[in-house]
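With TSV, C-alpha atoms inside, this is structure38.tsv:
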```tsv
chain	number	residue	atom	x	y	z
A	999	MET	CA	-0.36	-72.53	21.54
A	1000	LYS	CA	3.26	-71.31	21.61
A	1001	LYS	CA	2.68	-69.58	18.29
A	1002	ILE	CA	-0.36	-67.69	19.68
A	1003	LEU	CA	1.55	-66.61	22.80
A	1004	THR	CA	4.40	-65.35	20.63
A	1005	ILE	CA	2.01	-63.24	18.52
A	1006	ILE	CA	0.39	-61.76	21.65
A	1007	LEU	CA	3.79	-60.87	23.13
A	1008	CYS	CA	4.84	-59.18	19.87
A	1009	LEU	CA	1.66	-57.10	19.82
A	1010	VAL	CA	2.11	-56.01	23.46
A	1011	LEU	CA	5.71	-55.10	22.77
A	1012	ALA	CA	4.79	-53.08	19.66
A	1013	CYS	CA	2.12	-51.11	21.54
A	1014	SER	CA	4.58	-50.35	24.34
A	1015	MET	CA	7.14	-49.05	21.86
A	1016	LEU	CA	4.56	-46.82	20.13
A	1017	ALA	CA	3.45	-45.37	23.46
A	1018	ALA	CA	7.07	-44.70	24.41
A	1019	CYS	CA	7.71	-42.94	21.11
A	1020	GLY	CA	4.60	-40.80	21.59
A	1021	ASN	CA	5.76	-39.80	25.06
A	1022	ASP	CA	9.23	-38.88	23.83
A	1023	ASP	CA	7.99	-36.72	20.94
A	1024	ALA	CA	5.16	-34.69	22.40
A	1025	GLY	CA	4.32	-35.71	25.92
A	1026	ALA	CA	1.21	-37.64	26.88
A	1027	GLY	CA	-1.93	-36.01	25.46
A	1028	ASP	CA	-0.06	-33.11	23.79
A	1029	GLU	CA	-1.22	-31.92	20.35
A	1030	VAL	CA	1.21	-30.69	17.70
A	1031	PRO	CA	0.18	-27.08	16.90
A	1032	GLU	CA	-1.13	-26.55	13.37
A	1033	LYS	CA	1.08	-24.40	11.11
A	1034	ILE	CA	-0.54	-21.15	9.94
A	1035	THR	CA	0.19	-19.82	6.45
A	1036	ILE	CA	-0.34	-16.17	5.55
A	1037	LYS	CA	-0.64	-15.36	1.85
A	1038	ALA	CA	0.50	-11.73	1.40
A	1039	ALA	CA	0.28	-10.14	-2.05
A	1040	HIS	CA	1.06	-6.73	-3.55
A	1041	GLY	CA	1.31	-5.18	-7.00
A	1042	LEU	CA	4.87	-3.83	-7.11
A	1043	ASN	CA	8.32	-5.08	-8.04
A	1044	GLU	CA	10.69	-6.80	-5.62
A	1045	ASN	CA	13.12	-3.87	-5.70
A	1046	THR	CA	10.63	-1.49	-4.04
A	1047	ALA	CA	10.46	-0.37	-0.42
A	1048	ILE	CA	7.02	-1.92	0.03
A	1049	HIS	CA	8.42	-5.34	-0.83
A	1050	GLN	CA	11.24	-4.74	1.68
A	1051	GLY	CA	8.56	-3.94	4.26
A	1052	TRP	CA	6.84	-7.27	3.61
A	1053	LEU	CA	10.16	-9.13	3.87
A	1054	LYS	CA	10.82	-7.48	7.24
A	1055	PHE	CA	7.31	-8.42	8.44
A	1056	LYS	CA	7.89	-12.03	7.34
A	1057	GLU	CA	11.25	-12.16	9.11
A	1058	ILE	CA	9.86	-10.86	12.42
A	1059	VAL	CA	6.69	-12.98	12.48
A	1060	GLU	CA	8.40	-16.23	11.52
A	1061	GLU	CA	11.16	-15.67	14.06
A	1062	LYS	CA	8.87	-14.70	16.94
A	1063	THR	CA	6.46	-17.60	16.32
A	1064	GLY	CA	9.26	-20.12	15.86
A	1065	GLY	CA	8.04	-20.76	12.31
A	1066	GLN	CA	4.53	-21.60	13.46
A	1067	ILE	CA	3.27	-18.78	11.23
A	1068	GLU	CA	4.69	-18.82	7.72
A	1069	ILE	CA	4.42	-15.79	5.41
A	1070	LYS	CA	4.31	-16.40	1.66
A	1071	ILE	CA	4.75	-13.19	-0.35
A	1072	PHE	CA	3.43	-12.76	-3.90
A	1073	PRO	CA	4.81	-9.49	-5.42
A	1074	ALA	CA	4.51	-7.76	-8.81
A	1075	GLY	CA	0.78	-8.27	-9.29
A	1076	GLN	CA	1.05	-12.07	-9.44
A	1077	LEU	CA	-2.36	-12.36	-7.77
A	1078	GLY	CA	-3.87	-9.20	-9.25
A	1079	GLY	CA	-3.83	-5.42	-8.96
A	1080	ASP	CA	-4.92	-3.34	-5.96
A	1081	ARG	CA	-8.65	-3.63	-6.60
A	1082	GLU	CA	-8.53	-7.41	-7.09
A	1083	LEU	CA	-6.37	-7.84	-4.01
A	1084	ILE	CA	-8.70	-5.81	-1.79
A	1085	GLU	CA	-11.58	-8.05	-2.89
A	1086	ALA	CA	-9.43	-11.15	-2.35
A	1087	VAL	CA	-8.63	-10.04	1.21
A	1088	GLN	CA	-12.33	-9.42	1.88
A	1089	MET	CA	-13.17	-12.95	0.73
A	1090	GLY	CA	-10.18	-14.55	2.45
A	1091	ASN	CA	-8.56	-15.82	-0.77
A	1092	VAL	CA	-5.56	-13.64	0.09
A	1093	THR	CA	-4.74	-13.08	3.76
A	1094	MET	CA	-2.97	-9.71	3.59
A	1095	SER	CA	-2.16	-6.97	1.09
A	1096	SER	CA	-0.93	-3.37	0.80
A	1097	PRO	CA	-3.05	-1.47	-1.74
A	1098	SER	CA	-2.56	2.20	-2.34
A	1099	SER	CA	-5.14	4.26	-0.43
A	1100	ALA	CA	-6.89	5.58	-3.56
A	1101	PRO	CA	-8.37	2.21	-4.69
A	1102	VAL	CA	-9.44	1.53	-1.08
A	1103	SER	CA	-11.83	4.48	-1.46
A	1104	SER	CA	-13.94	2.41	-3.86
A	1105	PHE	CA	-14.66	0.04	-0.96
A	1106	ASN	CA	-14.74	2.50	1.94
A	1107	LYS	CA	-15.63	6.07	0.99
A	1108	GLU	CA	-14.04	7.57	4.12
A	1109	PHE	CA	-10.64	6.95	2.50
A	1110	TYR	CA	-11.43	9.69	-0.03
A	1111	VAL	CA	-10.26	12.09	2.69
A	1112	LEU	CA	-6.66	11.17	1.82
A	1113	ASP	CA	-7.23	12.46	-1.73
A	1114	ILE	CA	-7.52	16.08	-0.61
A	1115	PRO	CA	-4.80	17.86	-2.62
A	1116	PHE	CA	-1.92	19.36	-0.63
A	1117	LEU	CA	-3.38	18.00	2.63
A	1118	PHE	CA	0.03	17.31	4.22
A	1119	LYS	CA	3.00	19.65	4.53
A	1120	ASP	CA	5.74	17.03	4.88
A	1121	ARG	CA	6.48	13.44	5.91
A	1122	ALA	CA	6.77	14.26	9.60
A	1123	GLN	CA	3.20	15.57	9.59
A	1124	VAL	CA	2.02	12.58	7.55
A	1125	TYR	CA	3.35	10.07	10.07
A	1126	ASP	CA	2.04	12.05	13.03
A	1127	VAL	CA	-1.48	12.17	11.58
A	1128	LEU	CA	-1.68	8.64	10.17
A	1129	ASP	CA	-0.26	7.05	13.33
A	1130	GLY	CA	-2.48	9.22	15.52
A	1131	GLU	CA	-6.19	9.33	16.16
A	1132	ALA	CA	-7.16	10.44	12.64
A	1133	GLY	CA	-5.35	7.60	10.88
A	1134	GLN	CA	-6.41	4.96	13.38
A	1135	THR	CA	-10.05	6.05	13.03
A	1136	LEU	CA	-9.72	5.50	9.29
A	1137	LEU	CA	-8.18	2.04	9.72
A	1138	LYS	CA	-10.90	1.00	12.17
A	1139	SER	CA	-13.59	1.99	9.67
A	1140	LEU	CA	-12.47	-0.90	7.44
A	1141	GLU	CA	-13.80	-3.49	9.88
A	1142	SER	CA	-17.37	-3.15	8.60
A	1143	TYR	CA	-16.04	-4.32	5.22
A	1144	ASP	CA	-14.55	-7.57	6.63
A	1145	ILE	CA	-11.08	-6.03	6.58
A	1146	LYS	CA	-8.69	-5.41	9.46
A	1147	GLY	CA	-6.62	-2.27	8.87
A	1148	LEU	CA	-3.19	-2.60	10.48
A	1149	SER	CA	-1.03	0.37	9.44
A	1150	PHE	CA	0.00	2.86	6.76
A	1151	MET	CA	3.27	2.27	4.97
A	1152	GLU	CA	5.04	4.80	2.75
A	1153	ASN	CA	4.07	5.31	-0.87
A	1154	GLY	CA	4.91	8.98	-0.96
A	1155	PHE	CA	4.21	12.39	-2.46
A	1156	ARG	CA	3.06	12.16	-6.05
A	1157	ASN	CA	4.74	14.04	-8.91
A	1158	LEU	CA	3.58	14.57	-12.49
A	1159	THR	CA	5.46	13.26	-15.53
A	1160	ASN	CA	4.65	13.71	-19.22
A	1161	SER	CA	6.15	13.46	-22.70
A	1162	LYS	CA	4.90	16.73	-24.20
A	1163	VAL	CA	5.47	19.89	-22.19
A	1164	ALA	CA	7.24	21.32	-19.13
A	1165	VAL	CA	4.33	21.71	-16.70
A	1166	ARG	CA	4.68	24.54	-14.18
A	1167	THR	CA	1.09	25.83	-14.00
A	1168	PRO	CA	-2.41	24.43	-14.62
A	1169	ASP	CA	-2.41	26.23	-17.99
A	1170	ASP	CA	0.36	23.89	-19.16
A	1171	LEU	CA	-1.87	20.85	-18.53
A	1172	GLN	CA	-4.59	21.70	-21.03
A	1173	GLY	CA	-5.62	18.61	-22.99
A	1174	LEU	CA	-2.86	16.34	-21.68
A	1175	LYS	CA	-3.95	12.70	-21.30
A	1176	ILE	CA	-2.95	11.77	-17.75
A	1177	ARG	CA	-3.25	8.24	-16.38
A	1178	THR	CA	-4.92	8.13	-12.98
A	1179	MET	CA	-5.98	5.47	-10.55
A	1180	GLU	CA	-9.62	4.36	-10.46
A	1181	ASN	CA	-10.70	7.07	-8.03
A	1182	ASP	CA	-13.48	9.63	-8.54
A	1183	ILE	CA	-11.65	12.44	-6.72
A	1184	HIS	CA	-8.46	11.97	-8.75
A	1185	LEU	CA	-10.51	12.04	-11.96
A	1186	ALA	CA	-12.31	15.20	-10.86
A	1187	ALA	CA	-9.04	16.89	-9.82
A	1188	TRP	CA	-7.29	16.42	-13.16
A	1189	THR	CA	-10.44	17.48	-15.02
A	1190	MET	CA	-10.55	20.71	-12.95
A	1191	LEU	CA	-6.92	21.35	-13.87
A	1192	GLY	CA	-7.73	21.07	-17.58
A	1193	ALA	CA	-6.19	17.66	-18.27
A	1194	ASN	CA	-7.88	14.59	-19.74
A	1195	PRO	CA	-7.68	11.94	-16.97
A	1196	THR	CA	-7.63	8.29	-18.04
A	1197	PRO	CA	-8.08	5.58	-15.39
A	1198	MET	CA	-5.83	2.60	-15.99
A	1199	SER	CA	-4.33	-0.28	-14.01
A	1200	PHE	CA	-0.73	0.17	-12.89
A	1201	GLY	CA	0.42	-2.93	-14.77
A	1202	GLU	CA	-0.62	-1.42	-18.12
A	1203	LEU	CA	0.99	1.96	-17.54
A	1204	PHE	CA	4.51	1.60	-18.97
A	1205	THR	CA	3.22	0.27	-22.30
A	1206	ALA	CA	0.57	3.02	-22.44
A	1207	LEU	CA	3.25	5.70	-21.93
A	1208	GLN	CA	5.57	4.05	-24.42
A	1209	GLN	CA	2.86	3.82	-27.09
A	1210	LYS	CA	1.56	7.34	-26.34
A	1211	THR	CA	-1.87	6.02	-25.36
A	1212	VAL	CA	-1.49	8.51	-22.50
A	1213	ASP	CA	0.83	11.51	-22.33
A	1214	GLY	CA	1.68	11.32	-18.66
A	1215	GLN	CA	1.10	9.91	-15.20
A	1216	GLU	CA	1.69	10.82	-11.54
A	1217	ASN	CA	3.52	8.79	-8.91
A	1218	PRO	CA	6.21	9.12	-6.24
A	1219	PHE	CA	9.81	9.23	-7.49
A	1220	GLU	CA	10.52	5.67	-6.34
A	1221	LEU	CA	7.83	4.21	-8.60
A	1222	ILE	CA	8.72	6.52	-11.50
A	1223	TYR	CA	12.27	5.17	-11.31
A	1224	SER	CA	11.74	1.50	-10.37
A	1225	ASN	CA	9.16	1.05	-13.15
A	1226	LYS	CA	11.31	2.99	-15.67
A	1227	PHE	CA	8.54	5.46	-16.50
A	1228	TYR	CA	11.23	8.15	-16.84
A	1229	GLU	CA	12.60	6.30	-19.89
A	1230	VAL	CA	9.43	7.10	-21.86
A	1231	GLN	CA	8.78	10.58	-20.41
A	1232	ASP	CA	10.55	13.89	-21.02
A	1233	TYR	CA	9.45	16.09	-18.12
A	1234	ILE	CA	8.84	15.63	-14.41
A	1235	SER	CA	7.11	18.35	-12.43
A	1236	LYS	CA	7.72	18.16	-8.67
A	1237	THR	CA	4.11	18.98	-7.79
A	1238	GLN	CA	3.84	16.79	-4.66
A	1239	HIS	CA	0.10	17.34	-4.99
A	1240	ILE	CA	-1.06	14.32	-2.96
A	1241	TYR	CA	0.54	12.04	-0.39
A	1242	THR	CA	-0.58	8.44	-0.92
A	1243	PRO	CA	0.09	5.76	1.70
A	1244	TYR	CA	-0.10	2.00	1.29
A	1245	VAL	CA	-2.82	0.57	3.53
A	1246	ILE	CA	-1.77	-2.67	5.22
A	1247	ILE	CA	-4.88	-4.83	5.35
A	1248	CYS	CA	-5.73	-8.31	6.61
A	1249	ASN	CA	-8.80	-10.52	6.31
A	1250	LYS	CA	-10.79	-9.68	9.45
A	1251	GLU	CA	-11.99	-13.24	10.15
A	1252	PHE	CA	-8.44	-14.58	9.89
A	1253	TYR	CA	-7.07	-11.92	12.24
A	1254	GLU	CA	-9.80	-12.44	14.83
A	1255	GLY	CA	-9.23	-16.20	14.71
A	1256	LEU	CA	-5.62	-15.86	15.83
A	1257	SER	CA	-4.62	-16.49	19.44
A	1258	GLU	CA	-3.98	-13.40	21.57
A	1259	GLU	CA	-0.26	-14.22	21.48
A	1260	HIS	CA	-0.20	-14.37	17.69
A	1261	LYS	CA	-2.25	-11.16	17.37
A	1262	ALA	CA	0.27	-9.38	19.59
A	1263	ILE	CA	3.17	-10.68	17.47
A	1264	MET	CA	1.41	-9.59	14.26
A	1265	ASP	CA	0.71	-6.10	15.64
A	1266	GLU	CA	4.28	-5.63	16.87
A	1267	ALA	CA	5.72	-6.95	13.61
A	1268	ILE	CA	3.59	-4.57	11.52
A	1269	LEU	CA	4.68	-1.56	13.57
A	1270	GLU	CA	8.34	-2.51	13.28
A	1271	ALA	CA	8.05	-3.32	9.56
A	1272	THR	CA	6.19	-0.04	8.93
A	1273	SER	CA	8.97	2.00	10.55
A	1274	TYR	CA	11.59	0.06	8.60
A	1275	GLN	CA	9.71	0.45	5.30
A	1276	ARG	CA	9.13	4.19	5.75
A	1277	THR	CA	12.85	4.78	6.24
A	1278	ALA	CA	13.67	2.67	3.18
A	1279	ALA	CA	11.02	4.47	1.10
A	1280	SER	CA	12.18	7.98	1.99
A	1281	GLU	CA	15.78	7.00	1.15
A	1282	LYS	CA	14.70	5.45	-2.15
A	1283	ASP	CA	12.72	8.57	-3.01
A	1284	VAL	CA	15.86	10.74	-2.73
A	1285	GLU	CA	17.99	8.19	-4.60
A	1286	ALA	CA	15.41	7.82	-7.36
A	1287	GLU	CA	15.13	11.58	-7.95
A	1288	ALA	CA	18.93	11.84	-8.21
A	1289	ALA	CA	19.14	8.86	-10.60
A	1290	ILE	CA	16.39	10.31	-12.84
A	1291	LYS	CA	18.23	13.64	-13.05
A	1292	GLU	CA	21.46	11.80	-13.82
A	1293	ALA	CA	19.67	10.05	-16.69
A	1294	GLY	CA	19.08	13.47	-18.24
A	1295	ILE	CA	15.39	13.91	-17.48
A	1296	GLU	CA	14.36	17.45	-16.56
A	1297	VAL	CA	12.92	17.67	-13.04
A	1298	LEU	CA	11.09	20.94	-12.50
A	1299	ASP	CA	11.08	22.25	-8.92
A	1300	LEU	CA	7.86	24.26	-8.63
A	1301	THR	CA	7.89	27.42	-6.55
A	1302	ASN	CA	5.34	27.93	-3.76
A	1303	GLU	CA	3.61	30.50	-5.97
A	1304	GLU	CA	3.27	27.96	-8.79
A	1305	LYS	CA	1.92	25.31	-6.41
A	1306	ASP	CA	-0.60	27.86	-5.12
A	1307	LEU	CA	-2.04	28.12	-8.66
A	1308	PHE	CA	-2.84	24.39	-8.52
A	1309	LYS	CA	-4.32	24.73	-5.02
A	1310	GLU	CA	-6.60	27.59	-6.12
A	1311	LYS	CA	-7.91	25.62	-9.10
A	1312	LEU	CA	-8.65	22.64	-6.85
A	1313	MET	CA	-10.48	24.47	-4.07
A	1314	PRO	CA	-13.95	23.30	-5.28
A	1315	LEU	CA	-12.75	19.73	-4.77
A	1316	TYR	CA	-13.08	20.08	-0.98
A	1317	ASP	CA	-16.88	20.03	-1.27
A	1318	GLN	CA	-16.72	16.88	-3.40
A	1319	VAL	CA	-14.48	15.16	-0.86
A	1320	LYS	CA	-16.87	16.10	1.97
A	1321	GLU	CA	-19.77	14.68	-0.03
A	1322	LYS	CA	-17.89	11.46	-0.78
A	1323	ALA	CA	-16.03	10.80	2.47
A	1324	GLY	CA	-18.40	12.44	4.93
A	1325	GLU	CA	-17.99	15.77	6.71
A	1326	GLU	CA	-16.98	14.17	10.01
A	1327	ILE	CA	-13.83	12.38	8.76
A	1328	VAL	CA	-12.85	15.42	6.67
A	1329	LYS	CA	-13.13	17.62	9.77
A	1330	VAL	CA	-10.97	15.15	11.76
A	1331	PHE	CA	-8.18	15.29	9.16
A	1332	LEU	CA	-8.34	19.03	8.54
A	1333	ASN	CA	-8.08	19.64	12.31
A	1334	ALA	CA	-5.16	17.18	12.55
A	1335	THR	CA	-3.24	18.89	9.73
A	1336	LYS	CA	-3.70	22.53	10.82
```
Would you mind writing the file out in structure tokens?
Amino acid sequence: MKKILTIILCLVLACSMLAACGNDDAGAGDEVPEKITIKAAHGLNENTAIHQGWLKFKEIVEEKTGGQIEIKIFPAGQLGGDRELIEAVQMGNVTMSSPSSAPVSSFNKEFYVLDIPFLFKDRAQVYDVLDGEAGQTLLKSLESYDIKGLSFMENGFRNLTNSKVAVRTPDDLQGLKIRTMENDIHLAAWTMLGANPTPMSFGELFTALQQKTVDGQENPFELIYSNKFYEVQDYISKTQHIYTPYVIICNKEFYEGLSEEHKAIMDEAILEATSYQRTAASEKDVEAEAAIKEAGIEVLDLTNEEKDLFKEKLMPLYDQVKEKAGEEIVKVFLNATK
């Protein structure tokens, strides 16, 4: 009998201790909040401004949520190129990404509007338009594709490089094999200019330039420098023919499943990270151009008259963009950039 009473007393005591521990840790009836992990992936190296933008976003979100939301960043195409990452965000296999705007056009044709050559005069106009009604309309249009568009970060004005000839006018482009992104308008543009456009993934580009599979390519100075394209090219023409932003995207279902507090933190963090990244990108662009010149590569500053020759050749492209993107969104952007 004494043995049974002893066992009962031990059980009562154990239960009391467990209850006390539970009260000390969380409070009666409290639930420990579940940790949220965001998988963010992009295609570029860790020394680029876009990666710095993701690091800033991670820092802000993790700090403001007390670590309740964790951001895991996968750079340098670890999880695929732009096209694969857009699809992965749609399906929820990747939470967030930052593809260049040109591949986004394959999913949402309204984004072709950003491929209008010489659409923007300078960065100040770019930011004003993309952060204003025109840009926000474009981001909102992604929702019907199960994607939440959050902001536009800086990729930059694109410049032409090649290993054969100093390009100052469209006549100099005849027959040159130019790597382009997988984008119908880009392909049409280079064809109109007399070049031979070759779509190719970004990850294959350095080797293709090195082995002369293609003669040239076009990208902002930061990417030309950080990916060492200038080491296998002889000429850079400062055409600044198209401004390409990175589109910060998130799986729509994931975003809508967040609490209002976490949505607000995400939105604020993206705005702050976008501002930070744009500053870093514009600084890197200047530094990269200077470093390329220092390496002995000829950078050709085109005159306004020479740029006008490219514009004239590309005028028929406006009709193609209207057909692809839709007249309404083209009108919105042309009005915003007057």
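The nearest approach to Ile1247 (chain A) among the residues A:Ala1186, A:Ala1164, A:Ala1038, A:Ile1058, with only C-alpha atoms taken into account, belongs to A:Ala1038.
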Do you have, as CSV, the list of residues of region 1064-1128 of chain A lying at most 10 Å from region 1200-1224 of chain A, each with its nearest atom pair and that distance in Å to one decimal, counting all atoms listed in the file and ordered by chain then number?
```
residue,atom,partner,partner_atom,distance
A:Ala1074,CA,A:Gly1201,CA,8.7
A:Gly1075,CA,A:Gly1201,CA,7.7
A:Gly1078,CA,A:Gly1201,CA,9.4
A:Gly1079,CA,A:Phe1200,CA,7.5
A:Asp1080,CA,A:Phe1200,CA,8.8
```
Any idea what's packed within 7 Å of region 1317-1320 of chain A, counting all atoms listed in the file, ignoring anything in its chain fewer than 6 positions away? Could you give it as a PDB file with C-alpha atoms, in the coordinates of the input?
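File around-v7.pdb, as written:
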```pdb
ATOM      1  CA  TYR A1110     -11.430   9.690  -0.030  1.00  0.00           C
ATOM      2  CA  VAL A1111     -10.260  12.090   2.690  1.00  0.00           C
ATOM      3  CA  VAL A1328     -12.850  15.420   6.670  1.00  0.00           C
TER       4      VAL A1328
END
```
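Rounded to one decimal, CA of Ser1096 (chain A) and CA of Lys1070 (chain A) lie 14.1 Å from each other.
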Item to check | Nearest-residue call for Ile1176 (chain A), choices A:Leu1117, A:Ala1132, A:Val1102, A:Leu1158, using only C-alpha atoms | outcome: A:Leu1158
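CA of Ser1103 (chain A) is found 29.0 Å from CA of Asp1170 (chain A).
Here CA of Phe1105 (chain A) and CA of Thr1035 (chain A) stand 25.9 Å from one another.
Among the candidate residues A:Ile1069, A:Leu1300, A:Ala1187, A:Met1151, the one lying nearest to Leu1269 (chain A) is A:Met1151, with distances computed using all atoms listed in the file.
Closest approach to Asp1126 (chain A) among A:Phe1331, A:Leu1191, A:Met1094, A:Pro1031: A:Phe1331, based on only C-alpha atoms.
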Item to check | Contacts of Asn1045 (chain A) at 10 Å (all atoms listed in the file; same-chain gap of 2+ positions) as a PyMOL selection string | outcome: chain A and resi 1042-1043+1047-1050+1074+1220+1224-1225
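For the choices A:Arg1081, A:Lys1226, A:Lys1054, A:Arg1166, the atom-to-atom distance to Glu1304 (chain A) is smallest for A:Arg1166 when using all atoms listed in the file.
Between Ser1280 (chain A) and the residues A:Met1179, A:Ala1122, A:Val1059, A:Leu1112, the shortest atom-to-atom distance, using all atoms listed in the file, involves A:Ala1122.
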Region 1050-1058 of chain A written out with all heavy atoms as an mmCIF file, in the first residue's frame:
```cif
data_model
loop_
_atom_site.group_PDB
_atom_site.id
_atom_site.type_symbol
_atom_site.label_atom_id
_atom_site.label_comp_id
_atom_site.auth_asym_id
_atom_site.auth_seq_id
_atom_site.Cartn_x
_atom_site.Cartn_y
_atom_site.Cartn_z
ATOM 1 N N GLN A 1050 23.536 42.625 -52.853
ATOM 2 C CA GLN A 1050 23.562 43.538 -51.708
ATOM 3 C C GLN A 1050 22.142 43.942 -51.317
ATOM 4 O O GLN A 1050 21.830 44.089 -50.131
ATOM 5 C CB GLN A 1050 24.393 44.779 -52.038
ATOM 6 C CG GLN A 1050 25.879 44.500 -52.151
ATOM 7 C CD GLN A 1050 26.671 45.746 -52.489
ATOM 8 O OE1 GLN A 1050 26.187 46.872 -52.348
ATOM 9 N NE2 GLN A 1050 27.891 45.558 -52.951
ATOM 10 N N GLY A 1051 21.285 44.129 -52.334
ATOM 11 C CA GLY A 1051 19.888 44.462 -52.055
ATOM 12 C C GLY A 1051 19.182 43.358 -51.294
ATOM 13 O O GLY A 1051 18.423 43.618 -50.349
ATOM 14 N N TRP A 1052 19.434 42.098 -51.686
ATOM 15 C CA TRP A 1052 18.830 40.966 -50.974
ATOM 16 C C TRP A 1052 19.358 40.851 -49.545
ATOM 17 O O TRP A 1052 18.598 40.539 -48.625
ATOM 18 C CB TRP A 1052 19.087 39.664 -51.736
ATOM 19 C CG TRP A 1052 18.146 39.446 -52.877
ATOM 20 C CD1 TRP A 1052 18.444 39.419 -54.204
ATOM 21 C CD2 TRP A 1052 16.726 39.250 -52.789
ATOM 22 N NE1 TRP A 1052 17.308 39.215 -54.948
ATOM 23 C CE2 TRP A 1052 16.235 39.099 -54.113
ATOM 24 C CE3 TRP A 1052 15.829 39.180 -51.729
ATOM 25 C CZ2 TRP A 1052 14.881 38.883 -54.385
ATOM 26 C CZ3 TRP A 1052 14.479 38.968 -52.012
ATOM 27 C CH2 TRP A 1052 14.024 38.828 -53.319
ATOM 28 N N LEU A 1053 20.650 41.125 -49.354
ATOM 29 C CA LEU A 1053 21.216 41.082 -47.998
ATOM 30 C C LEU A 1053 20.577 42.148 -47.107
ATOM 31 O O LEU A 1053 20.299 41.906 -45.920
ATOM 32 C CB LEU A 1053 22.737 41.268 -48.047
ATOM 33 C CG LEU A 1053 23.544 40.117 -48.659
ATOM 34 C CD1 LEU A 1053 25.025 40.499 -48.735
ATOM 35 C CD2 LEU A 1053 23.378 38.841 -47.830
ATOM 36 N N LYS A 1054 20.351 43.334 -47.673
ATOM 37 C CA LYS A 1054 19.703 44.410 -46.907
ATOM 38 C C LYS A 1054 18.274 44.022 -46.551
ATOM 39 O O LYS A 1054 17.821 44.243 -45.422
ATOM 40 C CB LYS A 1054 19.726 45.707 -47.731
ATOM 41 C CG LYS A 1054 19.001 46.886 -47.091
ATOM 42 C CD LYS A 1054 19.567 47.258 -45.723
ATOM 43 C CE LYS A 1054 20.913 47.890 -45.785
ATOM 44 N NZ LYS A 1054 21.357 48.373 -44.435
ATOM 45 N N PHE A 1055 17.544 43.440 -47.503
ATOM 46 C CA PHE A 1055 16.178 42.969 -47.248
ATOM 47 C C PHE A 1055 16.169 41.932 -46.120
ATOM 48 O O PHE A 1055 15.345 42.001 -45.205
ATOM 49 C CB PHE A 1055 15.605 42.368 -48.536
ATOM 50 C CG PHE A 1055 14.234 41.755 -48.383
ATOM 51 C CD1 PHE A 1055 13.118 42.549 -48.153
ATOM 52 C CD2 PHE A 1055 14.061 40.377 -48.483
ATOM 53 C CE1 PHE A 1055 11.849 41.983 -48.010
ATOM 54 C CE2 PHE A 1055 12.801 39.806 -48.342
ATOM 55 C CZ PHE A 1055 11.697 40.606 -48.106
ATOM 56 N N LYS A 1056 17.070 40.987 -46.181
ATOM 57 C CA LYS A 1056 17.194 39.942 -45.150
ATOM 58 C C LYS A 1056 17.445 40.573 -43.774
ATOM 59 O O LYS A 1056 16.789 40.236 -42.787
ATOM 60 C CB LYS A 1056 18.355 39.013 -45.520
ATOM 61 C CG LYS A 1056 18.746 37.992 -44.437
ATOM 62 C CD LYS A 1056 19.957 37.175 -44.907
ATOM 63 C CE LYS A 1056 20.515 36.326 -43.783
ATOM 64 N NZ LYS A 1056 19.625 35.188 -43.425
ATOM 65 N N GLU A 1057 18.376 41.508 -43.737
ATOM 66 C CA GLU A 1057 18.741 42.169 -42.477
ATOM 67 C C GLU A 1057 17.530 42.858 -41.848
ATOM 68 O O GLU A 1057 17.257 42.718 -40.644
ATOM 69 C CB GLU A 1057 19.848 43.197 -42.758
ATOM 70 C CG GLU A 1057 20.247 44.059 -41.579
ATOM 71 C CD GLU A 1057 21.129 45.220 -42.012
ATOM 72 O OE1 GLU A 1057 21.994 45.036 -42.889
ATOM 73 O OE2 GLU A 1057 20.938 46.336 -41.473
ATOM 74 N N ILE A 1058 16.782 43.606 -42.663
ATOM 75 C CA ILE A 1058 15.642 44.375 -42.152
ATOM 76 C C ILE A 1058 14.521 43.455 -41.672
ATOM 77 O O ILE A 1058 13.983 43.625 -40.572
ATOM 78 C CB ILE A 1058 15.109 45.341 -43.229
ATOM 79 C CG1 ILE A 1058 16.182 46.372 -43.603
ATOM 80 C CG2 ILE A 1058 13.853 46.064 -42.732
ATOM 81 C CD1 ILE A 1058 15.868 47.139 -44.879
#
```
